Amino acid sequence: MTFASISRAFEVWGAAAVFLLVFLEYLGIPGYPGGLVLPAIGILGRMELIGPFQGFLLAMISSGLAMALMYGVGCQWGGWIRKHLEQKKRWLEWYDRLVRFNDRYGVRGQVLIRMMPVIRTFSSIVSGMLGADFWPYWFYSMVGNGIYSGVVIALGYYVTSLFL
């Protein structure tokens with residue numbers, strides 16, 4: 001995925017493309033290059049194709065829904081996921097790191113987790129697997145996600161002149 005493909009998707013589908021691309025990013029699909037989506041929202045804002053605040057709001061709503069969905073996946077299929085993680089040592093290490101982090105900081109740690117690449121992708125599933133209270137988990141995840149998304153969208157907005 002490139003900025004050009006994101007831009008084309010936005011031209012065809014408008015704001016729904018932003019919603020869908022951010023939603024897919026937060027589902028943590030392996031191989032999906034979601035790291036380009038948030039800066040692209042800022043770039044689209046600078047090009048006046050979308051309002052930066054509108055892009056941020058769409059990103060927050062879609063990421064909140066995706067995080068809730070992945071939390072539910074962790075609750076529902078956590079045992080099955082854990083069983084399959086034991087076969088992949090690298091993924092099991094990431095899981096164990098998240099468990100230790102959650103043990104140490106609880107749901108408030110979601111604010112920090114949302115700033116960390118890779119770990120942020122699996123945090124929702126692990127929180128569901130651990131049985132974290134949903135609303136506090138979701139609130140702190142949204143706070144961390146708002147900070148992260150705001151900074152990355154703003155960077156895309158302000159450094160656009162380097163790319164275009």
# chains A, B, ... in the order shown; residues from 1 in each chain; ligands from 1
call {"tool": "residues_around", "arguments": {"residues": "A:Gly34", "least_positions_apart": "5", "cutoff": "10 Å", "atoms": "only C-alpha atoms", "output": "list in words"}}
result
Met1, Leu21, Val22, Phe23, Leu24, Glu25, Tyr26, Leu27, Gly28, Ile29 and Pro39 of chain A
call {"tool": "write_last_selection", "arguments": {"atoms": "N, CA and C atoms", "output": "PDB file, in the first residue's frame"}}
result
ATOM      1  N   MET A   1       0.854  -1.173   0.000  1.00  0.00           N
ATOM      2  CA  MET A   1       0.000   0.000   0.000  1.00  0.00           C
ATOM      3  C   MET A   1       0.898   1.232   0.000  1.00  0.00           C
ATOM      4  N   LEU A  21      -9.933   1.877   6.007  1.00  0.00           N
ATOM      5  CA  LEU A  21      -8.490   1.642   6.081  1.00  0.00           C
ATOM      6  C   LEU A  21      -7.978   1.680   7.514  1.00  0.00           C
ATOM      7  N   VAL A  22      -8.485   2.606   8.324  1.00  0.00           N
ATOM      8  CA  VAL A  22      -8.073   2.662   9.729  1.00  0.00           C
ATOM      9  C   VAL A  22      -8.624   1.444  10.471  1.00  0.00           C
ATOM     10  N   PHE A  23      -9.859   1.065  10.191  1.00  0.00           N
ATOM     11  CA  PHE A  23     -10.458  -0.116  10.809  1.00  0.00           C
ATOM     12  C   PHE A  23      -9.597  -1.347  10.540  1.00  0.00           C
ATOM     13  N   LEU A  24      -9.187  -1.526   9.285  1.00  0.00           N
ATOM     14  CA  LEU A  24      -8.344  -2.661   8.923  1.00  0.00           C
ATOM     15  C   LEU A  24      -6.991  -2.597   9.626  1.00  0.00           C
ATOM     16  N   GLU A  25      -6.451  -1.392   9.762  1.00  0.00           N
ATOM     17  CA  GLU A  25      -5.174  -1.246  10.468  1.00  0.00           C
ATOM     18  C   GLU A  25      -5.289  -1.764  11.895  1.00  0.00           C
ATOM     19  N   TYR A  26      -6.361  -1.420  12.580  1.00  0.00           N
ATOM     20  CA  TYR A  26      -6.506  -1.789  13.984  1.00  0.00           C
ATOM     21  C   TYR A  26      -6.965  -3.227  14.184  1.00  0.00           C
ATOM     22  N   LEU A  27      -7.320  -3.909  13.097  1.00  0.00           N
ATOM     23  CA  LEU A  27      -7.604  -5.344  13.219  1.00  0.00           C
ATOM     24  C   LEU A  27      -6.307  -6.138  13.320  1.00  0.00           C
ATOM     25  N   GLY A  28      -5.195  -5.503  12.952  1.00  0.00           N
ATOM     26  CA  GLY A  28      -3.895  -6.169  13.069  1.00  0.00           C
ATOM     27  C   GLY A  28      -3.701  -7.287  12.068  1.00  0.00           C
ATOM     28  N   ILE A  29      -4.186  -7.102  10.863  1.00  0.00           N
ATOM     29  CA  ILE A  29      -4.055  -8.117   9.819  1.00  0.00           C
ATOM     30  C   ILE A  29      -2.575  -8.238   9.431  1.00  0.00           C
ATOM     31  N   PRO A  39      -0.628   8.843   8.704  1.00  0.00           N
ATOM     32  CA  PRO A  39       0.037   9.991   8.079  1.00  0.00           C
ATOM     33  C   PRO A  39      -0.652  10.413   6.788  1.00  0.00           C
TER      34      PRO A  39
END
call {"tool": "closest_atom_pairs", "arguments": {"of": "stretch 64-91 of chain A", "to": "stretch 127-142 of chain A", "cutoff": "8 Å", "atoms": "only C-alpha atoms", "output": "CSV"}}
result
residue,atom,partner,partner_atom,distance
A:Gly64,CA,A:Met142,CA,6.6
A:Met67,CA,A:Trp138,CA,7.7
A:Ala68,CA,A:Trp138,CA,7.2
A:Met70,CA,A:Gly128,CA,7.7
A:Tyr71,CA,A:Gly128,CA,4.5
A:Gly72,CA,A:Gly128,CA,6.1
A:Val73,CA,A:Gly128,CA,7.1
A:Gly74,CA,A:Gly128,CA,4.2
A:Cys75,CA,A:Gly128,CA,4.4
A:Gln76,CA,A:Met129,CA,7.9
A:Trp77,CA,A:Met129,CA,7.8
A:Gly78,CA,A:Met129,CA,4.7
A:Gly79,CA,A:Met129,CA,7.6
call {"tool": "write_last_selection", "arguments": {"atoms": "all heavy atoms", "output": "compact mmCIF listing (two decimals), in the first residue's frame"}}
result
# COMPACT_ATOMS: atom_id res chain seq x y z
N GLY A 64 -11.74 2.72 17.46
CA GLY A 64 -12.47 2.30 18.66
C GLY A 64 -13.32 1.07 18.41
O GLY A 64 -13.36 0.15 19.24
N MET A 67 -10.89 -1.95 17.94
CA MET A 67 -10.33 -2.40 19.22
C MET A 67 -11.37 -3.18 20.02
O MET A 67 -11.05 -4.18 20.65
CB MET A 67 -9.80 -1.21 20.02
CG MET A 67 -8.54 -0.62 19.44
SD MET A 67 -7.75 0.67 20.44
CE MET A 67 -9.01 1.93 20.50
N ALA A 68 -12.63 -2.73 19.98
CA ALA A 68 -13.69 -3.45 20.68
C ALA A 68 -13.90 -4.83 20.06
O ALA A 68 -14.07 -5.82 20.78
CB ALA A 68 -14.99 -2.64 20.63
N MET A 70 -11.65 -6.66 18.42
CA MET A 70 -10.52 -7.51 18.74
C MET A 70 -10.50 -7.91 20.22
O MET A 70 -10.08 -9.01 20.56
CB MET A 70 -9.20 -6.84 18.34
CG MET A 70 -9.10 -6.60 16.83
SD MET A 70 -9.57 -8.01 15.81
CE MET A 70 -8.15 -9.04 16.04
N TYR A 71 -10.98 -7.04 21.09
CA TYR A 71 -11.13 -7.39 22.50
C TYR A 71 -12.11 -8.57 22.62
O TYR A 71 -11.87 -9.53 23.34
CB TYR A 71 -11.66 -6.17 23.28
CG TYR A 71 -11.98 -6.46 24.72
CD1 TYR A 71 -11.02 -6.29 25.70
CD2 TYR A 71 -13.25 -6.88 25.10
CE1 TYR A 71 -11.31 -6.55 27.02
CE2 TYR A 71 -13.55 -7.14 26.42
CZ TYR A 71 -12.58 -6.97 27.38
OH TYR A 71 -12.88 -7.24 28.69
N GLY A 72 -13.22 -8.48 21.86
CA GLY A 72 -14.21 -9.57 21.87
C GLY A 72 -13.62 -10.87 21.34
O GLY A 72 -13.93 -11.95 21.85
N VAL A 73 -12.78 -10.78 20.31
CA VAL A 73 -12.10 -11.97 19.79
C VAL A 73 -11.25 -12.59 20.88
O VAL A 73 -11.24 -13.81 21.07
CB VAL A 73 -11.25 -11.61 18.54
CG1 VAL A 73 -10.29 -12.74 18.18
CG2 VAL A 73 -12.15 -11.28 17.37
N GLY A 74 -10.53 -11.76 21.62
CA GLY A 74 -9.70 -12.27 22.71
C GLY A 74 -10.52 -12.93 23.80
O GLY A 74 -10.14 -13.98 24.34
N CYS A 75 -11.67 -12.35 24.13
CA CYS A 75 -12.56 -12.94 25.14
C CYS A 75 -13.10 -14.28 24.66
O CYS A 75 -13.13 -15.26 25.41
CB CYS A 75 -13.73 -12.01 25.44
SG CYS A 75 -13.32 -10.56 26.39
N GLN A 76 -13.56 -14.31 23.43
CA GLN A 76 -14.26 -15.48 22.91
C GLN A 76 -13.31 -16.63 22.58
O GLN A 76 -13.61 -17.78 22.88
CB GLN A 76 -15.04 -15.08 21.65
CG GLN A 76 -15.96 -16.15 21.13
CD GLN A 76 -17.11 -16.44 22.06
OE1 GLN A 76 -17.60 -15.55 22.74
NE2 GLN A 76 -17.55 -17.68 22.09
N TRP A 77 -12.20 -16.33 21.94
CA TRP A 77 -11.31 -17.38 21.45
C TRP A 77 -9.92 -17.32 22.09
O TRP A 77 -8.95 -17.82 21.51
CB TRP A 77 -11.18 -17.29 19.93
CG TRP A 77 -12.48 -17.62 19.26
CD1 TRP A 77 -13.09 -18.84 19.21
CD2 TRP A 77 -13.33 -16.72 18.57
NE1 TRP A 77 -14.27 -18.74 18.53
CE2 TRP A 77 -14.45 -17.45 18.11
CE3 TRP A 77 -13.27 -15.36 18.28
CZ2 TRP A 77 -15.47 -16.87 17.41
CZ3 TRP A 77 -14.30 -14.78 17.56
CH2 TRP A 77 -15.38 -15.53 17.14
N GLY A 78 -9.82 -16.75 23.27
CA GLY A 78 -8.52 -16.60 23.93
C GLY A 78 -7.80 -17.91 24.17
O GLY A 78 -6.59 -18.01 23.97
N GLY A 79 -8.52 -18.94 24.59
CA GLY A 79 -7.89 -20.24 24.85
C GLY A 79 -7.31 -20.84 23.58
O GLY A 79 -6.18 -21.35 23.57
call {"tool": "residues_around", "arguments": {"residues": "A:Ala17", "least_positions_apart": "6", "cutoff": "10 Å", "atoms": "only C-alpha atoms", "output": "list in words"}}
result
Ile6, Ser7, Arg8, Ala9, Phe10, Glu11, Phe23 and Leu58 of chain A
call {"tool": "write_last_selection", "arguments": {"atoms": "all heavy atoms", "output": "JSON list (two decimals), in the first residue's frame"}}
result
[["chain", "number", "residue", "atom", "x", "y", "z"],
["A", 6, "ILE", "N", -3.82, 4.92, -1.25],
["A", 6, "ILE", "CA", -4.71, 5.48, -0.24],
["A", 6, "ILE", "C", -5.46, 6.68, -0.81],
["A", 6, "ILE", "O", -6.67, 6.83, -0.62],
["A", 6, "ILE", "CB", -3.92, 5.87, 1.04],
["A", 6, "ILE", "CG1", -3.35, 4.62, 1.71],
["A", 6, "ILE", "CG2", -4.81, 6.64, 2.02],
["A", 6, "ILE", "CD1", -2.38, 4.91, 2.82],
["A", 7, "SER", "N", -4.74, 7.53, -1.53],
["A", 7, "SER", "CA", -5.35, 8.70, -2.14],
["A", 7, "SER", "C", -6.42, 8.30, -3.15],
["A", 7, "SER", "O", -7.51, 8.89, -3.18],
["A", 7, "SER", "CB", -4.27, 9.56, -2.81],
["A", 7, "SER", "OG", -4.83, 10.69, -3.40],
["A", 8, "ARG", "N", -6.12, 7.29, -3.98],
["A", 8, "ARG", "CA", -7.11, 6.81, -4.95],
["A", 8, "ARG", "C", -8.34, 6.25, -4.26],
["A", 8, "ARG", "O", -9.47, 6.51, -4.68],
["A", 8, "ARG", "CB", -6.50, 5.75, -5.86],
["A", 8, "ARG", "CG", -6.01, 6.32, -7.17],
["A", 8, "ARG", "CD", -5.50, 5.27, -8.12],
["A", 8, "ARG", "NE", -4.05, 5.23, -7.90],
["A", 8, "ARG", "CZ", -3.37, 4.15, -7.52],
["A", 8, "ARG", "NH1", -3.96, 3.01, -7.36],
["A", 8, "ARG", "NH2", -2.09, 4.21, -7.32],
["A", 9, "ALA", "N", -8.14, 5.48, -3.19],
["A", 9, "ALA", "CA", -9.27, 4.93, -2.43],
["A", 9, "ALA", "C", -10.12, 6.06, -1.87],
["A", 9, "ALA", "O", -11.35, 6.00, -1.90],
["A", 9, "ALA", "CB", -8.78, 4.03, -1.30],
["A", 10, "PHE", "N", -9.46, 7.11, -1.40],
["A", 10, "PHE", "CA", -10.22, 8.24, -0.86],
["A", 10, "PHE", "C", -11.00, 8.95, -1.97],
["A", 10, "PHE", "O", -12.14, 9.34, -1.76],
["A", 10, "PHE", "CB", -9.30, 9.24, -0.15],
["A", 10, "PHE", "CG", -10.06, 10.36, 0.47],
["A", 10, "PHE", "CD1", -10.73, 10.17, 1.65],
["A", 10, "PHE", "CD2", -10.14, 11.59, -0.16],
["A", 10, "PHE", "CE1", -11.47, 11.19, 2.23],
["A", 10, "PHE", "CE2", -10.87, 12.62, 0.40],
["A", 10, "PHE", "CZ", -11.53, 12.41, 1.60],
["A", 11, "GLU", "N", -10.39, 9.11, -3.13],
["A", 11, "GLU", "CA", -11.09, 9.77, -4.24],
["A", 11, "GLU", "C", -12.32, 8.98, -4.66],
["A", 11, "GLU", "O", -13.34, 9.56, -5.02],
["A", 11, "GLU", "CB", -10.14, 9.95, -5.43],
["A", 11, "GLU", "CG", -9.07, 10.99, -5.20],
["A", 11, "GLU", "CD", -8.03, 11.04, -6.31],
["A", 11, "GLU", "OE1", -8.18, 10.31, -7.31],
["A", 11, "GLU", "OE2", -7.06, 11.79, -6.15],
["A", 23, "PHE", "N", -9.86, 1.06, 10.19],
["A", 23, "PHE", "CA", -10.46, -0.12, 10.81],
["A", 23, "PHE", "C", -9.60, -1.35, 10.54],
["A", 23, "PHE", "O", -9.28, -2.11, 11.45],
["A", 23, "PHE", "CB", -11.89, -0.32, 10.29],
["A", 23, "PHE", "CG", -12.63, -1.43, 10.97],
["A", 23, "PHE", "CD1", -13.23, -1.23, 12.20],
["A", 23, "PHE", "CD2", -12.75, -2.67, 10.37],
["A", 23, "PHE", "CE1", -13.92, -2.25, 12.84],
["A", 23, "PHE", "CE2", -13.43, -3.70, 10.99],
["A", 23, "PHE", "CZ", -14.02, -3.49, 12.23],
["A", 58, "LEU", "N", -12.85, 10.32, 12.19],
["A", 58, "LEU", "CA", -13.10, 9.04, 11.53],
["A", 58, "LEU", "C", -12.12, 7.97, 12.03],
["A", 58, "LEU", "O", -12.51, 6.82, 12.26],
["A", 58, "LEU", "CB", -12.99, 9.18, 10.02],
["A", 58, "LEU", "CG", -14.14, 9.87, 9.31],
["A", 58, "LEU", "CD1", -13.77, 10.20, 7.88],
["A", 58, "LEU", "CD2", -15.38, 9.00, 9.36]]
call {"tool": "atom_distance", "arguments": {"atom1": "atom CA of A:Gly42", "atom2": "atom CA of A:Arg108"}}
result
27.7 Å
call {"tool": "select_by_dssp", "arguments": {"residues": "stretch 25-59 of chain A", "states": "alpha helix (DSSP H)", "output": "list in words"}}
result
Glu25, Tyr26, Leu27, Val37, Leu38, Pro39, Ala40, Ile41, Gly42, Ile43, Leu44, Gly45, Arg46, Pro52, Phe53, Gln54, Gly55, Phe56, Leu57, Leu58 and Ala59 of chain A
call {"tool": "write_last_selection", "arguments": {"atoms": "all heavy atoms", "output": "short mmCIF file (atom, residue, chain, number, x, y, z; two decimals), in the first residue's frame"}}
result
data_model
loop_
_atom_site.label_atom_id
_atom_site.label_comp_id
_atom_site.auth_asym_id
_atom_site.auth_seq_id
_atom_site.Cartn_x
_atom_site.Cartn_y
_atom_site.Cartn_z
N GLU A 25 -6.45 -1.39 9.76
CA GLU A 25 -5.17 -1.25 10.47
C GLU A 25 -5.29 -1.76 11.90
O GLU A 25 -4.42 -2.48 12.38
CB GLU A 25 -4.73 0.21 10.49
CG GLU A 25 -3.47 0.43 11.31
CD GLU A 25 -3.06 1.87 11.44
OE1 GLU A 25 -3.70 2.76 10.85
OE2 GLU A 25 -2.07 2.12 12.14
N TYR A 26 -6.36 -1.42 12.58
CA TYR A 26 -6.51 -1.79 13.98
C TYR A 26 -6.96 -3.23 14.18
O TYR A 26 -6.97 -3.71 15.31
CB TYR A 26 -7.42 -0.81 14.71
CG TYR A 26 -6.66 0.42 15.11
CD1 TYR A 26 -6.47 1.46 14.21
CD2 TYR A 26 -6.05 0.51 16.34
CE1 TYR A 26 -5.73 2.57 14.55
CE2 TYR A 26 -5.30 1.61 16.70
CZ TYR A 26 -5.14 2.64 15.79
OH TYR A 26 -4.39 3.72 16.13
N LEU A 27 -7.32 -3.91 13.10
CA LEU A 27 -7.60 -5.34 13.22
C LEU A 27 -6.31 -6.14 13.32
O LEU A 27 -6.31 -7.29 13.72
CB LEU A 27 -8.42 -5.83 12.03
CG LEU A 27 -9.86 -5.37 11.96
CD1 LEU A 27 -10.55 -5.98 10.75
CD2 LEU A 27 -10.63 -5.69 13.23
N VAL A 37 -1.53 4.72 6.89
CA VAL A 37 -2.88 5.27 6.84
C VAL A 37 -2.99 6.58 7.62
O VAL A 37 -3.51 7.58 7.09
CB VAL A 37 -3.91 4.24 7.33
CG1 VAL A 37 -5.30 4.84 7.36
CG2 VAL A 37 -3.89 3.01 6.45
N LEU A 38 -2.53 6.60 8.86
CA LEU A 38 -2.68 7.82 9.67
C LEU A 38 -1.90 9.01 9.11
O LEU A 38 -2.46 10.11 9.00
CB LEU A 38 -2.32 7.55 11.12
CG LEU A 38 -3.28 6.61 11.87
CD1 LEU A 38 -2.75 6.30 13.26
CD2 LEU A 38 -4.68 7.16 11.93
N PRO A 39 -0.63 8.84 8.70
CA PRO A 39 0.04 9.99 8.08
C PRO A 39 -0.65 10.41 6.79
O PRO A 39 -0.70 11.60 6.45
CB PRO A 39 1.46 9.51 7.81
CG PRO A 39 1.62 8.22 8.47
CD PRO A 39 0.29 7.73 8.90
N ALA A 40 -1.21 9.44 6.06
CA ALA A 40 -1.92 9.76 4.82
C ALA A 40 -3.14 10.64 5.09
O ALA A 40 -3.48 11.50 4.28
CB ALA A 40 -2.33 8.49 4.09
N ILE A 41 -3.79 10.44 6.23
CA ILE A 41 -4.93 11.30 6.59
C ILE A 41 -4.46 12.74 6.73
O ILE A 41 -5.11 13.67 6.25
CB ILE A 41 -5.60 10.81 7.89
CG1 ILE A 41 -6.28 9.46 7.65
CG2 ILE A 41 -6.62 11.83 8.39
CD1 ILE A 41 -6.79 8.80 8.92
N GLY A 42 -3.29 12.92 7.35
CA GLY A 42 -2.74 14.27 7.47
C GLY A 42 -2.39 14.86 6.11
O GLY A 42 -2.64 16.05 5.86
N ILE A 43 -1.83 14.04 5.25
CA ILE A 43 -1.47 14.51 3.91
C ILE A 43 -2.73 14.88 3.13
O ILE A 43 -2.78 15.93 2.47
CB ILE A 43 -0.63 13.44 3.16
CG1 ILE A 43 0.72 13.27 3.85
CG2 ILE A 43 -0.43 13.83 1.71
CD1 ILE A 43 1.52 12.07 3.38
N LEU A 44 -3.76 14.04 3.21
CA LEU A 44 -5.03 14.36 2.55
C LEU A 44 -5.63 15.65 3.11
O LEU A 44 -6.23 16.43 2.38
CB LEU A 44 -6.02 13.20 2.72
CG LEU A 44 -5.69 11.92 1.97
CD1 LEU A 44 -6.63 10.79 2.40
CD2 LEU A 44 -5.77 12.12 0.46
N GLY A 45 -5.43 15.86 4.39
CA GLY A 45 -5.89 17.11 5.00
C GLY A 45 -5.16 18.31 4.46
O GLY A 45 -5.75 19.35 4.18
N ARG A 46 -3.85 18.17 4.30
CA ARG A 46 -3.05 19.28 3.75
C ARG A 46 -3.44 19.57 2.31
O ARG A 46 -3.44 20.70 1.87
CB ARG A 46 -1.57 18.92 3.84
CG ARG A 46 -0.66 19.98 3.26
CD ARG A 46 -0.80 21.29 3.98
NE ARG A 46 0.38 21.49 4.78
CZ ARG A 46 0.57 22.52 5.57
NH1 ARG A 46 -0.35 23.44 5.67
NH2 ARG A 46 1.65 22.64 6.26
N PRO A 52 -8.70 17.84 8.41
CA PRO A 52 -7.86 17.09 9.34
C PRO A 52 -8.63 16.62 10.57
O PRO A 52 -8.45 15.50 11.03
CB PRO A 52 -6.75 18.07 9.73
CG PRO A 52 -6.74 19.09 8.67
CD PRO A 52 -8.13 19.16 8.11
N PHE A 53 -9.53 17.47 11.08
CA PHE A 53 -10.32 17.06 12.25
C PHE A 53 -11.29 15.95 11.86
O PHE A 53 -11.50 15.01 12.62
CB PHE A 53 -11.07 18.24 12.86
CG PHE A 53 -11.85 17.84 14.07
CD1 PHE A 53 -11.22 17.56 15.27
CD2 PHE A 53 -13.23 17.73 14.01
CE1 PHE A 53 -11.93 17.17 16.38
CE2 PHE A 53 -13.96 17.33 15.12
CZ PHE A 53 -13.31 17.05 16.31
N GLN A 54 -11.89 16.05 10.67
CA GLN A 54 -12.79 15.00 10.19
C GLN A 54 -12.03 13.68 10.07
O GLN A 54 -12.52 12.63 10.47
CB GLN A 54 -13.41 15.38 8.85
CG GLN A 54 -14.32 14.31 8.28
CD GLN A 54 -14.72 14.58 6.84
OE1 GLN A 54 -14.15 15.42 6.16
NE2 GLN A 54 -15.69 13.84 6.36
N GLY A 55 -10.82 13.73 9.52
CA GLY A 55 -10.01 12.53 9.40
C GLY A 55 -9.66 11.95 10.75
O GLY A 55 -9.72 10.72 10.95
N PHE A 56 -9.31 12.81 11.71
CA PHE A 56 -9.00 12.35 13.07
C PHE A 56 -10.23 11.71 13.70
O PHE A 56 -10.14 10.63 14.30
CB PHE A 56 -8.51 13.54 13.92
CG PHE A 56 -8.32 13.19 15.36
CD1 PHE A 56 -7.21 12.49 15.77
CD2 PHE A 56 -9.26 13.57 16.31
CE1 PHE A 56 -7.03 12.16 17.11
CE2 PHE A 56 -9.10 13.26 17.64
CZ PHE A 56 -7.97 12.55 18.05
N LEU A 57 -11.38 12.34 13.55
CA LEU A 57 -12.62 11.80 14.13
C LEU A 57 -12.97 10.44 13.51
O LEU A 57 -13.31 9.50 14.23
CB LEU A 57 -13.75 12.80 13.92
CG LEU A 57 -15.04 12.54 14.67
CD1 LEU A 57 -14.81 12.49 16.17
CD2 LEU A 57 -16.06 13.62 14.34
N LEU A 58 -12.85 10.32 12.19
CA LEU A 58 -13.10 9.04 11.53
C LEU A 58 -12.12 7.97 12.03
O LEU A 58 -12.51 6.82 12.26
CB LEU A 58 -12.99 9.18 10.02
CG LEU A 58 -14.14 9.87 9.31
CD1 LEU A 58 -13.77 10.20 7.88
CD2 LEU A 58 -15.38 9.00 9.36
N ALA A 59 -10.86 8.36 12.18
CA ALA A 59 -9.85 7.42 12.67
C ALA A 59 -10.18 6.96 14.08
O ALA A 59 -10.04 5.78 14.40
CB ALA A 59 -8.47 8.06 12.61
#
call {"tool": "closest_residue", "arguments": {"among": "A:Leu49, A:Phe3, A:Val159, A:Ile61", "to": "A:Leu20", "atoms": "only C-alpha atoms"}}
result
A:Ile61
